[in-house]
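Visitor: Following this line is entry31.txt, made up of compact mmCIF, C-alpha atoms and all ligand atoms:
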```
# COMPACT_ATOMS: atom_id res chain seq x y z
CA MET A 2 -8.67 -9.25 20.56
CA ALA A 3 -8.93 -7.45 17.26
CA HIS A 4 -9.24 -9.35 14.00
CA ILE A 5 -10.55 -9.03 10.44
CA ASP A 6 -12.36 -11.60 8.28
CA VAL A 7 -12.44 -10.76 4.60
CA THR A 8 -14.88 -13.05 2.81
CA ASP A 9 -15.31 -13.37 -0.94
CA ILE A 10 -14.96 -9.65 -1.69
CA GLN A 11 -15.79 -8.68 -5.25
CA TYR A 12 -15.38 -5.16 -6.56
CA PHE A 13 -16.02 -3.65 -9.99
CA LEU A 14 -14.52 -0.37 -11.24
CA SER A 15 -16.87 2.21 -12.74
CA ASP A 16 -15.95 1.08 -16.30
CA GLY A 17 -17.19 -2.41 -15.45
CA THR A 18 -13.76 -4.05 -15.06
CA GLN A 19 -13.68 -6.54 -12.20
CA LEU A 20 -10.82 -5.49 -9.91
CA LEU A 21 -11.37 -7.92 -7.03
CA GLY A 22 -12.67 -11.35 -7.97
CA GLY A 23 -13.58 -12.97 -4.64
CA VAL A 24 -10.88 -12.11 -2.13
CA THR A 25 -10.89 -14.16 1.07
CA PHE A 26 -8.43 -14.10 3.99
CA LYS A 27 -8.22 -13.60 7.75
CA VAL A 28 -6.12 -11.23 9.77
CA THR A 29 -5.80 -13.14 13.01
CA ALA A 30 -5.60 -11.42 16.40
CA GLY A 31 -2.18 -10.00 17.16
CA SER A 32 -0.77 -10.99 13.74
CA LYS A 33 1.28 -8.67 11.57
CA THR A 34 -0.25 -9.54 8.22
CA ALA A 35 1.32 -8.15 5.06
CA LEU A 36 -0.78 -7.54 1.94
CA ILE A 37 1.45 -7.64 -1.11
CA GLY A 38 0.97 -7.67 -4.88
CA PRO A 39 1.91 -5.79 -8.06
CA ASN A 40 1.04 -2.10 -8.52
CA GLY A 41 -2.60 -1.58 -9.40
CA THR A 42 -3.86 -5.00 -8.21
CA GLY A 43 -6.31 -3.40 -5.80
CA LYS A 44 -4.54 -3.36 -2.43
CA THR A 45 -5.47 0.22 -1.55
CA THR A 46 -8.99 -0.37 -2.86
CA LEU A 47 -9.31 -3.39 -0.58
CA PHE A 48 -8.09 -1.27 2.37
CA LYS A 49 -10.79 1.29 1.58
CA ILE A 50 -13.39 -1.49 1.58
CA ILE A 51 -12.14 -2.80 4.94
CA ALA A 52 -12.14 0.74 6.36
CA GLY A 53 -15.72 1.25 5.13
CA ASP A 54 -14.83 4.10 2.71
CA LEU A 55 -15.91 1.98 -0.28
CA LYS A 56 -18.69 -0.57 -0.59
CA ALA A 57 -17.90 -3.98 -2.06
CA ASP A 58 -20.19 -5.34 -4.78
CA GLU A 59 -20.22 -8.77 -3.15
CA GLY A 60 -18.85 -10.36 -0.01
CA SER A 61 -18.43 -9.25 3.57
CA ILE A 62 -15.96 -7.80 6.05
CA ASN A 63 -16.22 -8.73 9.71
CA ARG A 64 -13.94 -7.19 12.26
CA THR A 65 -13.55 -6.66 15.97
CA GLY A 66 -11.52 -3.91 17.62
CA THR A 67 -11.21 -0.18 17.02
CA LEU A 68 -9.56 0.78 13.76
CA GLY A 69 -6.64 3.17 13.17
CA ILE A 70 -5.65 3.90 9.57
CA MET A 71 -2.64 5.26 7.78
CA ARG A 72 -3.57 6.04 4.19
CA GLN A 73 -1.25 5.93 1.21
CA PHE A 74 -1.31 9.76 0.75
CA VAL A 75 0.60 10.33 4.02
CA GLY A 76 4.09 11.38 2.99
CA GLN A 77 2.76 13.40 0.04
CA VAL A 78 0.60 15.98 1.84
CA ARG A 79 0.68 19.15 -0.27
CA ASP A 80 -2.47 20.97 0.85
CA GLU A 81 -3.08 23.43 3.68
CA SER A 82 -3.55 20.85 6.43
CA THR A 83 -1.54 21.19 9.62
CA VAL A 84 0.34 18.71 11.79
CA LYS A 85 -2.73 18.66 14.03
CA ASP A 86 -4.94 17.76 11.04
CA LEU A 87 -2.59 14.95 10.14
CA LEU A 88 -2.73 13.63 13.70
CA LEU A 89 -6.50 13.99 13.71
CA SER A 90 -6.70 11.86 10.54
CA THR A 91 -5.60 8.95 12.73
CA ALA A 92 -8.11 9.67 15.53
CA ALA A 93 -11.55 8.15 16.07
CA PRO A 94 -14.38 9.94 14.20
CA ALA A 95 -15.92 11.27 17.48
CA LEU A 96 -12.67 13.02 18.37
CA ALA A 97 -12.21 14.38 14.85
CA GLN A 98 -15.76 15.82 15.01
CA ALA A 99 -15.17 17.36 18.44
CA ALA A 100 -11.92 18.93 17.21
CA ALA A 101 -13.67 20.34 14.13
CA LYS A 102 -16.29 21.97 16.37
CA VAL A 103 -13.64 23.57 18.60
CA ALA A 104 -11.84 24.92 15.53
CA GLU A 105 -15.10 26.26 14.06
CA TYR A 106 -16.04 28.26 17.18
CA GLU A 107 -12.47 29.35 17.81
CA ALA A 108 -12.54 30.97 14.34
CA LYS A 109 -15.96 32.52 14.96
CA MET A 110 -14.83 34.00 18.29
CA LEU A 111 -12.19 36.05 16.47
CA THR A 112 -14.83 38.09 14.67
CA SER A 113 -17.84 37.87 16.98
CA GLU A 114 -18.67 39.27 20.40
CA ASP A 115 -21.91 37.32 20.44
CA GLU A 116 -22.41 35.58 23.78
CA LYS A 117 -23.96 32.56 22.08
CA VAL A 118 -20.76 31.97 20.12
CA HIS A 119 -18.76 32.08 23.36
CA MET A 120 -21.20 29.60 24.94
CA ARG A 121 -20.90 27.25 21.98
CA TYR A 122 -17.13 27.47 22.15
CA ALA A 123 -17.21 26.56 25.86
CA GLU A 124 -19.50 23.62 25.03
CA ALA A 125 -17.17 22.49 22.26
CA ILE A 126 -14.21 22.56 24.67
CA ILE A 127 -16.15 20.43 27.18
CA GLU A 128 -17.11 17.94 24.45
CA TRP A 129 -13.46 17.74 23.35
CA GLY A 130 -12.47 16.94 26.94
CA ASP A 131 -15.30 14.41 27.38
CA ALA A 132 -14.31 12.63 24.18
CA GLY A 133 -10.79 12.13 25.58
CA GLY A 134 -9.22 15.07 23.75
CA TYR A 135 -6.84 16.06 26.55
CA GLU A 136 -5.44 12.55 26.90
CA LEU A 137 -4.99 12.62 23.15
CA GLU A 138 -3.07 15.91 23.32
CA THR A 139 -0.73 14.37 25.89
CA THR A 140 -0.12 11.47 23.50
CA TRP A 141 0.39 13.89 20.59
CA ASP A 142 2.96 15.76 22.62
CA LYS A 143 4.97 12.56 23.00
CA VAL A 144 4.42 11.75 19.34
CA CYS A 145 5.64 15.18 18.13
CA MET A 146 8.68 14.97 20.38
CA ALA A 147 9.54 11.55 19.01
CA ALA A 148 8.91 12.36 15.34
CA LEU A 149 9.88 16.03 15.10
CA GLY A 150 11.89 16.78 18.21
CA VAL A 151 9.46 19.46 19.45
CA GLY A 152 6.26 19.33 21.50
CA PHE A 153 2.68 19.49 20.17
CA ASP A 154 2.30 23.11 21.32
CA LYS A 155 5.06 24.13 18.89
CA ALA A 156 4.39 21.63 16.07
CA GLY A 157 0.55 21.49 16.03
CA ASP A 158 -0.06 24.49 13.76
CA ARG A 159 2.83 23.83 11.39
CA LEU A 160 1.76 23.08 7.80
CA ALA A 161 2.13 19.36 7.20
CA ARG A 162 3.53 19.97 3.70
CA THR A 163 6.56 21.68 5.26
CA LEU A 164 7.51 18.28 6.76
CA SER A 165 9.50 15.90 4.61
CA GLY A 166 7.73 12.77 3.34
CA GLY A 167 9.47 10.64 5.97
CA GLU A 168 8.59 13.03 8.77
CA GLN A 169 4.91 12.92 7.78
CA LYS A 170 4.98 9.11 7.81
CA ARG A 171 6.84 8.90 11.10
CA LEU A 172 4.43 11.32 12.78
CA VAL A 173 1.37 9.32 11.79
CA LEU A 174 2.99 5.98 12.63
CA GLU A 175 4.07 7.20 16.06
CA ALA A 176 0.49 8.40 16.67
CA LEU A 177 -1.04 5.07 15.63
CA PHE A 178 1.33 2.84 17.61
CA GLU A 179 1.15 5.13 20.65
CA GLY A 180 -2.67 5.44 20.39
CA ASN A 181 -5.45 3.18 21.67
CA ASP A 182 -6.64 1.54 18.46
CA GLU A 183 -6.27 -2.23 18.53
CA LEU A 184 -6.37 -2.81 14.80
CA LEU A 185 -4.11 -0.88 12.42
CA LEU A 186 -4.35 -0.62 8.64
CA LEU A 187 -1.11 0.78 7.23
CA ASP A 188 -0.87 1.53 3.50
CA GLU A 189 2.84 1.51 2.58
CA PRO A 190 4.09 2.69 5.98
CA ASP A 191 7.76 2.29 5.03
CA ASN A 192 7.71 4.57 1.97
CA TYR A 193 9.84 7.69 2.50
CA LEU A 194 11.31 6.46 5.80
CA ASP A 195 15.09 6.63 6.09
CA VAL A 196 17.04 3.60 7.28
CA PRO A 197 16.79 4.34 11.04
CA GLY A 198 13.07 5.09 10.48
CA LYS A 199 12.57 1.72 8.78
CA ARG A 200 14.37 -0.06 11.62
CA TRP A 201 12.21 1.77 14.13
CA LEU A 202 9.07 0.69 12.23
CA GLU A 203 10.19 -2.96 12.10
CA ASP A 204 10.92 -2.99 15.85
CA THR A 205 7.80 -1.10 16.83
CA MET A 206 5.56 -3.30 14.73
CA SER A 207 7.15 -6.51 15.98
CA ARG A 208 6.92 -5.47 19.63
CA SER A 209 3.37 -4.11 19.39
CA ASN A 210 0.53 -6.37 20.50
CA LYS A 211 -1.86 -4.63 18.12
CA THR A 212 -3.26 -6.50 15.14
CA VAL A 213 -1.74 -4.99 12.00
CA LEU A 214 -2.60 -5.36 8.32
CA PHE A 215 -0.03 -3.53 6.22
CA ILE A 216 0.69 -3.04 2.54
CA SER A 217 4.34 -3.00 1.59
CA HIS A 218 6.73 -3.45 -1.32
CA ASP A 219 9.75 -3.47 1.03
CA ARG A 220 11.39 -6.87 1.45
CA GLU A 221 13.25 -5.84 4.60
CA LEU A 222 10.06 -4.85 6.38
CA LEU A 223 8.33 -8.01 5.16
CA ASN A 224 11.28 -10.08 6.33
CA ASN A 225 11.53 -8.53 9.75
CA ALA A 226 7.97 -7.76 10.74
CA ALA A 227 5.38 -9.85 8.84
CA THR A 228 4.04 -13.00 10.51
CA ARG A 229 1.64 -13.84 7.65
CA ILE A 230 1.63 -12.85 3.98
CA VAL A 231 -1.44 -12.34 1.81
CA THR A 232 -0.65 -12.01 -1.90
CA LEU A 233 -3.18 -10.29 -4.12
CA GLU A 234 -2.84 -11.96 -7.52
CA PRO A 235 -4.32 -10.37 -10.64
CA GLY A 236 -6.50 -12.65 -12.79
CA HIS A 237 -8.96 -12.34 -15.68
CA GLY A 238 -11.97 -12.26 -13.35
CA GLY A 239 -10.33 -9.86 -10.90
CA ALA A 240 -7.65 -10.39 -8.27
CA THR A 241 -7.79 -13.18 -5.72
CA ALA A 242 -5.76 -13.74 -2.55
CA TRP A 243 -3.23 -16.42 -1.77
CA VAL A 244 -2.38 -16.75 1.92
CA HIS A 245 0.99 -17.87 3.21
CA GLY A 246 0.62 -18.60 6.92
CA GLY A 247 4.30 -18.05 7.68
CA ALA A 248 6.86 -15.28 7.53
CA PHE A 249 8.59 -13.93 4.43
CA GLY A 250 11.62 -16.17 5.00
CA SER A 251 9.64 -19.22 3.88
CA TYR A 252 7.46 -17.32 1.38
CA VAL A 253 9.63 -17.58 -1.74
CA GLU A 254 10.00 -21.35 -1.39
CA ALA A 255 6.28 -21.86 -0.66
CA ARG A 256 5.36 -19.76 -3.67
CA LYS A 257 7.72 -21.67 -5.92
CA GLU A 258 6.19 -24.98 -4.79
CA ARG A 259 2.72 -23.63 -5.35
CA ASN A 260 3.56 -22.42 -8.86
CA GLU A 261 5.13 -25.79 -9.67
CA ARG A 262 1.88 -27.44 -8.55
CA PHE A 263 -0.05 -25.17 -10.92
CA GLU A 264 2.35 -26.06 -13.69
CA GLU A 265 1.79 -29.77 -13.03
CA LEU A 266 -2.00 -29.34 -12.95
CA ARG A 267 -1.90 -27.38 -16.20
CA LYS A 268 0.22 -30.06 -17.83
CA ARG A 269 -2.29 -32.74 -16.84
CA TRP A 270 -5.16 -30.61 -18.06
CA ASP A 271 -3.48 -30.13 -21.44
CA GLU A 272 -2.89 -33.90 -21.75
CA GLU A 273 -6.51 -34.66 -20.89
CA HIS A 274 -7.65 -32.02 -23.38
CA ALA A 275 -5.57 -33.57 -26.17
CA LYS A 276 -6.95 -37.06 -25.35
CA LEU A 277 -10.56 -35.90 -25.43
CA LYS A 278 -10.06 -34.11 -28.74
CA GLU A 279 -8.51 -37.28 -30.19
CA LEU A 280 -11.46 -39.32 -28.94
CA VAL A 281 -13.97 -36.96 -30.54
CA ASN A 282 -12.08 -37.05 -33.84
CA MET A 283 -11.88 -40.83 -33.79
CA TYR A 284 -15.65 -41.27 -33.20
CA LYS A 285 -16.39 -38.61 -35.77
CA THR A 286 -14.49 -40.58 -38.41
CA LYS A 287 -16.13 -43.83 -37.36
CA ALA A 288 -19.60 -42.32 -37.17
CA ALA A 289 -19.24 -41.20 -40.78
CA PHE A 290 -19.62 -44.81 -41.99
CA ARG A 291 -21.06 -46.65 -38.95
CA SER A 292 -24.40 -45.36 -37.68
CA ASP A 293 -24.04 -47.21 -34.32
CA MET A 294 -21.10 -44.91 -33.56
CA ALA A 295 -23.26 -41.76 -33.62
CA ASN A 296 -24.13 -42.07 -29.90
CA ARG A 297 -20.52 -42.52 -28.91
CA TYR A 298 -19.53 -39.53 -31.01
CA GLN A 299 -22.22 -37.46 -29.31
CA ALA A 300 -21.13 -38.63 -25.81
CA ALA A 301 -17.48 -37.78 -26.51
CA THR A 302 -18.44 -34.35 -27.85
CA THR A 303 -20.49 -33.63 -24.70
CA ARG A 304 -17.60 -34.77 -22.52
CA LEU A 305 -15.20 -32.41 -24.30
CA GLU A 306 -17.69 -29.55 -24.04
CA LYS A 307 -18.11 -30.10 -20.30
CA PHE A 308 -14.36 -30.35 -19.84
CA LEU A 309 -13.82 -27.03 -21.65
CA GLU A 310 -16.68 -25.43 -19.75
CA ALA A 311 -15.02 -26.27 -16.43
CA GLY A 312 -11.93 -24.55 -17.80
CA PRO A 313 -8.23 -24.98 -17.12
CA PRO A 314 -6.77 -24.82 -13.59
CA GLN A 315 -5.69 -21.46 -12.23
CA ALA A 316 -2.99 -19.86 -14.34
CA ILE A 317 0.45 -19.50 -12.85
CA PRO A 318 0.56 -16.05 -11.26
CA LEU A 319 2.76 -13.63 -13.13
CA GLU A 320 6.24 -13.24 -11.76
CA GLN A 321 7.53 -9.72 -11.67
CA ASN A 322 10.95 -9.58 -13.11
CA VAL A 323 12.24 -6.08 -13.07
CA ASN A 324 15.51 -5.27 -14.73
CA MET A 325 17.05 -1.86 -15.05
CA ARG A 326 18.85 -1.01 -18.24
CA LEU A 327 20.75 2.20 -17.82
CA LYS A 328 22.87 3.48 -20.66
CA GLY A 329 25.69 5.93 -20.12
CA GLY A 330 25.82 9.23 -21.98
CA ARG A 331 28.87 11.14 -23.10
CA THR A 332 31.80 10.07 -21.00
CA ALA A 333 34.66 12.18 -19.73
CA LYS A 334 32.39 15.14 -19.19
CA ARG A 335 31.37 16.61 -15.86
CA ALA A 336 27.58 16.75 -15.58
CA VAL A 337 27.42 18.40 -12.16
CA VAL A 338 30.00 20.33 -10.23
CA ALA A 339 29.24 21.39 -6.66
CA GLU A 340 31.66 23.70 -4.92
CA LYS A 341 31.08 24.48 -1.27
CA LEU A 342 27.39 23.87 -1.89
CA GLU A 343 25.31 24.48 1.19
CA LEU A 344 21.54 24.32 1.54
CA THR A 345 20.85 26.71 4.37
CA ASN A 346 20.13 24.96 7.66
CA LEU A 347 20.02 21.59 5.95
CA MET A 348 23.53 20.54 5.07
CA LYS A 349 27.09 21.68 5.57
CA PRO A 350 29.03 22.93 2.51
CA PHE A 351 30.30 20.10 0.32
CA ASP A 352 32.17 19.62 -2.96
CA ALA A 353 31.20 16.99 -5.53
CA GLU A 354 31.74 16.11 -9.15
CA ILE A 355 29.33 13.92 -11.08
CA TRP A 356 30.36 12.66 -14.50
CA PHE A 357 28.22 11.55 -17.42
CA GLY A 358 27.24 7.95 -16.95
CA ASP A 359 27.68 8.03 -13.17
CA ARG A 360 24.94 6.43 -11.09
CA VAL A 361 24.78 8.33 -7.86
CA GLY A 362 22.60 7.43 -4.89
CA VAL A 363 21.64 10.39 -2.73
CA LEU A 364 21.33 9.09 0.81
CA GLY A 365 20.47 10.88 3.99
CA SER A 366 18.18 10.95 6.98
CA ASN A 367 14.60 12.19 6.68
CA GLY A 368 14.42 15.96 6.38
CA SER A 369 18.13 16.32 5.52
CA GLY A 370 17.42 18.02 2.17
CA LYS A 371 17.70 15.28 -0.49
CA SER A 372 14.63 16.47 -2.40
CA HIS A 373 15.77 20.10 -2.10
CA PHE A 374 19.10 19.08 -3.61
CA LEU A 375 17.45 17.22 -6.51
CA ARG A 376 15.05 20.10 -7.16
CA LEU A 377 18.05 22.42 -7.32
CA LEU A 378 19.71 20.13 -9.88
CA ALA A 379 16.48 19.82 -11.88
CA SER A 380 16.25 23.58 -12.18
CA GLY A 381 19.78 23.71 -13.57
CA GLY A 382 21.64 24.35 -10.32
CA THR A 383 22.92 27.66 -8.99
CA ASP A 384 24.78 28.33 -12.22
CA PRO A 385 22.57 26.83 -14.94
CA GLU A 386 23.73 26.23 -18.47
CA ARG A 387 21.98 28.29 -21.11
CA GLU A 388 19.55 25.53 -22.14
CA HIS A 389 18.33 25.30 -18.54
CA LEU A 390 17.73 29.00 -18.04
CA PRO A 391 14.09 29.90 -17.44
N1 LIG B 401 -11.98 5.64 -8.54
C1 LIG B 401 -11.37 4.93 -9.47
N2 LIG B 401 -11.73 5.03 -10.76
C2 LIG B 401 -11.11 4.30 -11.72
N3 LIG B 401 -10.13 3.43 -11.48
C3 LIG B 401 -9.73 3.28 -10.22
C4 LIG B 401 -10.32 4.02 -9.15
N4 LIG B 401 -9.71 3.65 -8.00
C5 LIG B 401 -8.79 2.74 -8.34
N5 LIG B 401 -8.80 2.52 -9.66
C6 LIG B 401 -7.95 1.58 -10.40
O1 LIG B 401 -7.97 0.35 -9.72
C7 LIG B 401 -6.70 -0.27 -9.78
C8 LIG B 401 -6.26 -0.62 -8.37
O2 LIG B 401 -5.92 0.55 -7.64
P1 LIG B 401 -5.29 0.47 -6.18
O3 LIG B 401 -4.97 1.85 -5.78
O4 LIG B 401 -6.21 -0.29 -5.29
O5 LIG B 401 -3.96 -0.38 -6.44
P2 LIG B 401 -2.80 -0.82 -5.45
O6 LIG B 401 -2.75 -2.31 -5.47
O7 LIG B 401 -2.96 -0.15 -4.14
O8 LIG B 401 -1.49 -0.28 -6.21
P3 LIG B 401 -0.12 0.40 -5.65
O9 LIG B 401 0.80 -0.74 -5.28
O10 LIG B 401 0.39 1.11 -6.86
O11 LIG B 401 -0.46 1.32 -4.54
C9 LIG B 401 -5.79 0.68 -10.52
O12 LIG B 401 -5.68 0.27 -11.85
C10 LIG B 401 -6.50 2.01 -10.42
O13 LIG B 401 -6.20 2.83 -11.52
MG MG B 402 -1.88 1.33 -3.15
```
Would you mind writing the file out in structure tokens?
Guide:
Amino acid sequence: MAHIDVTDIQYFLSDGTQLLGGVTFKVTAGSKTALIGPNGTGKTTLFKIIAGDLKADEGSINRTGTLGIMRQFVGQVRDESTVKDLLLSTAAPALAQAAAKVAEYEAKMLTSEDEKVHMRYAEAIIEWGDAGGYELETTWDKVCMAALGVGFDKAGDRLARTLSGGEQKRLVLEALFEGNDELLLLDEPDNYLDVPGKRWLEDTMSRSNKTVLFISHDRELLNNAATRIVTLEPGHGGATAWVHGGAFGSYVEARKERNERFEELRKRWDEEHAKLKELVNMYKTKAAFRSDMANRYQAATTRLEKFLEAGPPQAIPLEQNVNMRLKGGRTAKRAVVAEKLELTNLMKPFDAEIWFGDRVGVLGSNGSGKSHFLRLLASGGTDPEREHLP
């Protein structure tokens, strides 16, 4: 069964800052392990190290099982890549190489009558088949039907950026859970998914017997799918990991207890520090007029030095406490008026009034046109006021 051992990973950024300061944890076989932590702690960087894209400065990664990866960029594809490219990004390197060769000679065949090119193309097709490409296309067909409602033959050449963020995520997730890889690394799989999509992910992950390490900021997903939680905690010498062997339900309590323990240890350290300083001061005063006290003064000083050298216990990890302070603007004024507004093929005509100070949530399934609607508002709407005119 697939597993990962992360042992004492240290990683320095190019400016010399230590990002990871000895990260150690296990992803046990079949577990659904969540990696959580504040923005910028190094979660994605750690994923890249596990995937072999980046080299750690110290430490080791040991893993068994074939690896399937969903990277954090999925959901924000803006380049020229197609649905097929997105699906290929989840495939084993051998298959991705075989596909690239087929595409290369397919393009060459369009402009060349050369027999050699035709031969190479035939070879590339055989290699694609030998590598398991046809089985993969059957899987992709299922995946496209499930995520986009059409088969791979119709969806394969579509530009990925024409899919909504949620559709891109769903496509890649369907491919990974449907595919053969035993070990999945998922970087924020829930981002962009609508509510039914999130439910699907929770169910699929829970039912899957694959070993999964996933990064998430979503409490619902953590609650419903994680069996172990690894917290990456920032510190002066880089982030370290704290492992909670249970689900998220017992996490908050366990973390509180742990932080209280740190508080207690710190309190004792401070008391000991004060005592040692007092001792040094006392012997210093005595040694000033009694020469036989010089040794004691020296011993106390050394003790204090050693104590300070060992340093205080681990600091209590920072709690994130996010509060939103929204202030209303001019009241009793309509900010947005929509009359029979319809986004072609996306939504039926609707009327709405939004007033200054309103807080409006725009909800809807993936691909229903929420971002289109907001972009329309950002550009001043269909009937922009003068200050919004281009
Ligand atoms: N190539 C790089 N050069 C300089 N800094 C980098 C580089 N890659 C990452 N960093 C920095 O390292 C830190 C960790 O980045 P990382 O993407 O691993 O964070 P993360 O924990 O995944 O955050 P998030 O929750 O926002 O996705 C950030 O401060 C980032 O700016
Ligand atoms: Mg990240």
Visitor: Per residue of range 193-260 of chain A within 10 Å of range 309-317 of chain A, which atom pair is closest and at what distance in Å (one decimal), using all atoms listed in the file, listed by chain and increasing number, as CSV?
Guide:
```
residue,atom,partner,partner_atom,distance
A:Glu234,CA,A:Ile317,CA,9.8
A:Gly236,CA,A:Ala316,CA,8.2
A:His237,CA,A:Ala316,CA,9.7
A:Arg259,CA,A:Ile317,CA,8.9
A:Asn260,CA,A:Ile317,CA,5.8
```
Visitor: What lies within 12 Å of Arg256 in chain A using all atoms listed in the file, ignoring chain neighbours under 3 positions off, as number ranges by chain?
Guide: A: 230-232, 234, 243-247, 249-253, 259-263, 317-320
Visitor: Write out as a PyMOL selection string the residues lying within 8 Å of Lys44 in chain A, counting all atoms listed in the file and excluding same-chain residues fewer than 4 positions away.
Guide: chain A and resi 36-38+48+216+233
Visitor: Mind writing the picked residues with C-alpha atoms as a PDB file, in the frame of the given file?
Guide:
```pdb
ATOM      1  CA  LEU A  36      -0.780  -7.540   1.940  1.00  0.00           C
ATOM      2  CA  ILE A  37       1.450  -7.640  -1.110  1.00  0.00           C
ATOM      3  CA  GLY A  38       0.970  -7.670  -4.880  1.00  0.00           C
ATOM      4  CA  PHE A  48      -8.090  -1.270   2.370  1.00  0.00           C
ATOM      5  CA  ILE A 216       0.690  -3.040   2.540  1.00  0.00           C
ATOM      6  CA  LEU A 233      -3.180 -10.290  -4.120  1.00  0.00           C
TER       7      LEU A 233
END
```
Visitor: Could you check how far CA of Gly17 in chain A sits from atom N4 of ligand LIG 401 (chain B), in Å to one decimal?
Guide: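 Between these atoms lies a distance of 12.2 Å.
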Visitor: Return the single residue from A:Leu280, A:Leu87, A:Met2, A:Val118 that is closest to Lys102 in chain A, with distances computed using only C-alpha atoms.
Guide: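 Selected residue with least distance to Lys102 in chain A: A:Val118.
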Visitor: Give one line per residue of chain A that approaches ligand MG 402 (chain B) to at most 8 Å, naming the two atoms of the closest pair and their distance in Å to one decimal, counting all atoms listed in the file; sort by chain then ascending residue number and deliver it as a Markdown table.
Guide:
```
| residue | atom | partner | partner_atom | distance |
| --- | --- | --- | --- | --- |
| A:Asn40 | CA | B:MG402 | MG | 7.0 |
| A:Gly41 | CA | B:MG402 | MG | 6.9 |
| A:Gly43 | CA | B:MG402 | MG | 7.0 |
| A:Lys44 | CA | B:MG402 | MG | 5.4 |
| A:Thr45 | CA | B:MG402 | MG | 4.1 |
| A:Thr46 | CA | B:MG402 | MG | 7.3 |
| A:Gln73 | CA | B:MG402 | MG | 6.4 |
| A:Asp188 | CA | B:MG402 | MG | 6.7 |
| A:Glu189 | CA | B:MG402 | MG | 7.4 |
| A:Ile216 | CA | B:MG402 | MG | 7.6 |
```
Visitor: Since we have the selection now, will you write its residues out, keeping C-alpha atoms, as a PDB file, keeping the file's coordinate frame?
Guide:
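New file again_3.pdb:
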```
ATOM      1  CA  ASN A  40       1.040  -2.100  -8.520  1.00  0.00           C
ATOM      2  CA  GLY A  41      -2.600  -1.580  -9.400  1.00  0.00           C
ATOM      3  CA  GLY A  43      -6.310  -3.400  -5.800  1.00  0.00           C
ATOM      4  CA  LYS A  44      -4.540  -3.360  -2.430  1.00  0.00           C
ATOM      5  CA  THR A  45      -5.470   0.220  -1.550  1.00  0.00           C
ATOM      6  CA  THR A  46      -8.990  -0.370  -2.860  1.00  0.00           C
ATOM      7  CA  GLN A  73      -1.250   5.930   1.210  1.00  0.00           C
ATOM      8  CA  ASP A 188      -0.870   1.530   3.500  1.00  0.00           C
ATOM      9  CA  GLU A 189       2.840   1.510   2.580  1.00  0.00           C
ATOM     10  CA  ILE A 216       0.690  -3.040   2.540  1.00  0.00           C
TER      11      ILE A 216
END
```
Visitor: Would you mind listing what lies within 10 Å of range 152-156 of chain A as a list in words, with all atoms listed in the file counted and same-chain residues fewer than 5 positions away left out?
Guide: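 Skipping anything fewer than 5 positions along the chain leaves Thr83, Val84, Lys85, Glu138, Thr139, Thr140, Trp141, Asp142, Lys143, Val144, Cys145, Met146, Ala147 and Ala161 of chain A.
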Visitor: Please, what distance in Å, to one decimal, runs between CA of Gly66 in chain A and CA of Ala30 in chain A?
Guide: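 Atom-to-atom, CA of Gly66 in chain A and CA of Ala30 in chain A are spaced 9.6 Å apart.
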Visitor: Of the residues A:His218, A:Lys117, A:Ala57, A:Asp195, which is the one nearest to ligand LIG 401 (chain B), using all atoms listed in the file?
Guide: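 Counting all atoms listed in the file, the residue closest to ligand LIG 401 (chain B) is A:His218.
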Visitor: Give the answer as one residue: which of A:Thr286, A:Ser165, A:Ser369, A:Ser217 has the shortest atom-to-atom distance to ligand LIG 401 (chain B), using only C-alpha atoms and all ligand atoms?
Guide: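 Among A:Thr286, A:Ser165, A:Ser369, A:Ser217, it is A:Ser217 that comes nearest to ligand LIG 401 (chain B).
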Visitor: Identify, on the basis of all atoms listed in the file, every residue whose closest approach to Ser82 in chain A does not exceed 10 Å; exclude the query and any residue fewer than 6 positions from it along the same chain; express the result as an MDAnalysis selection string.
Guide: chainID A and resid 158:162
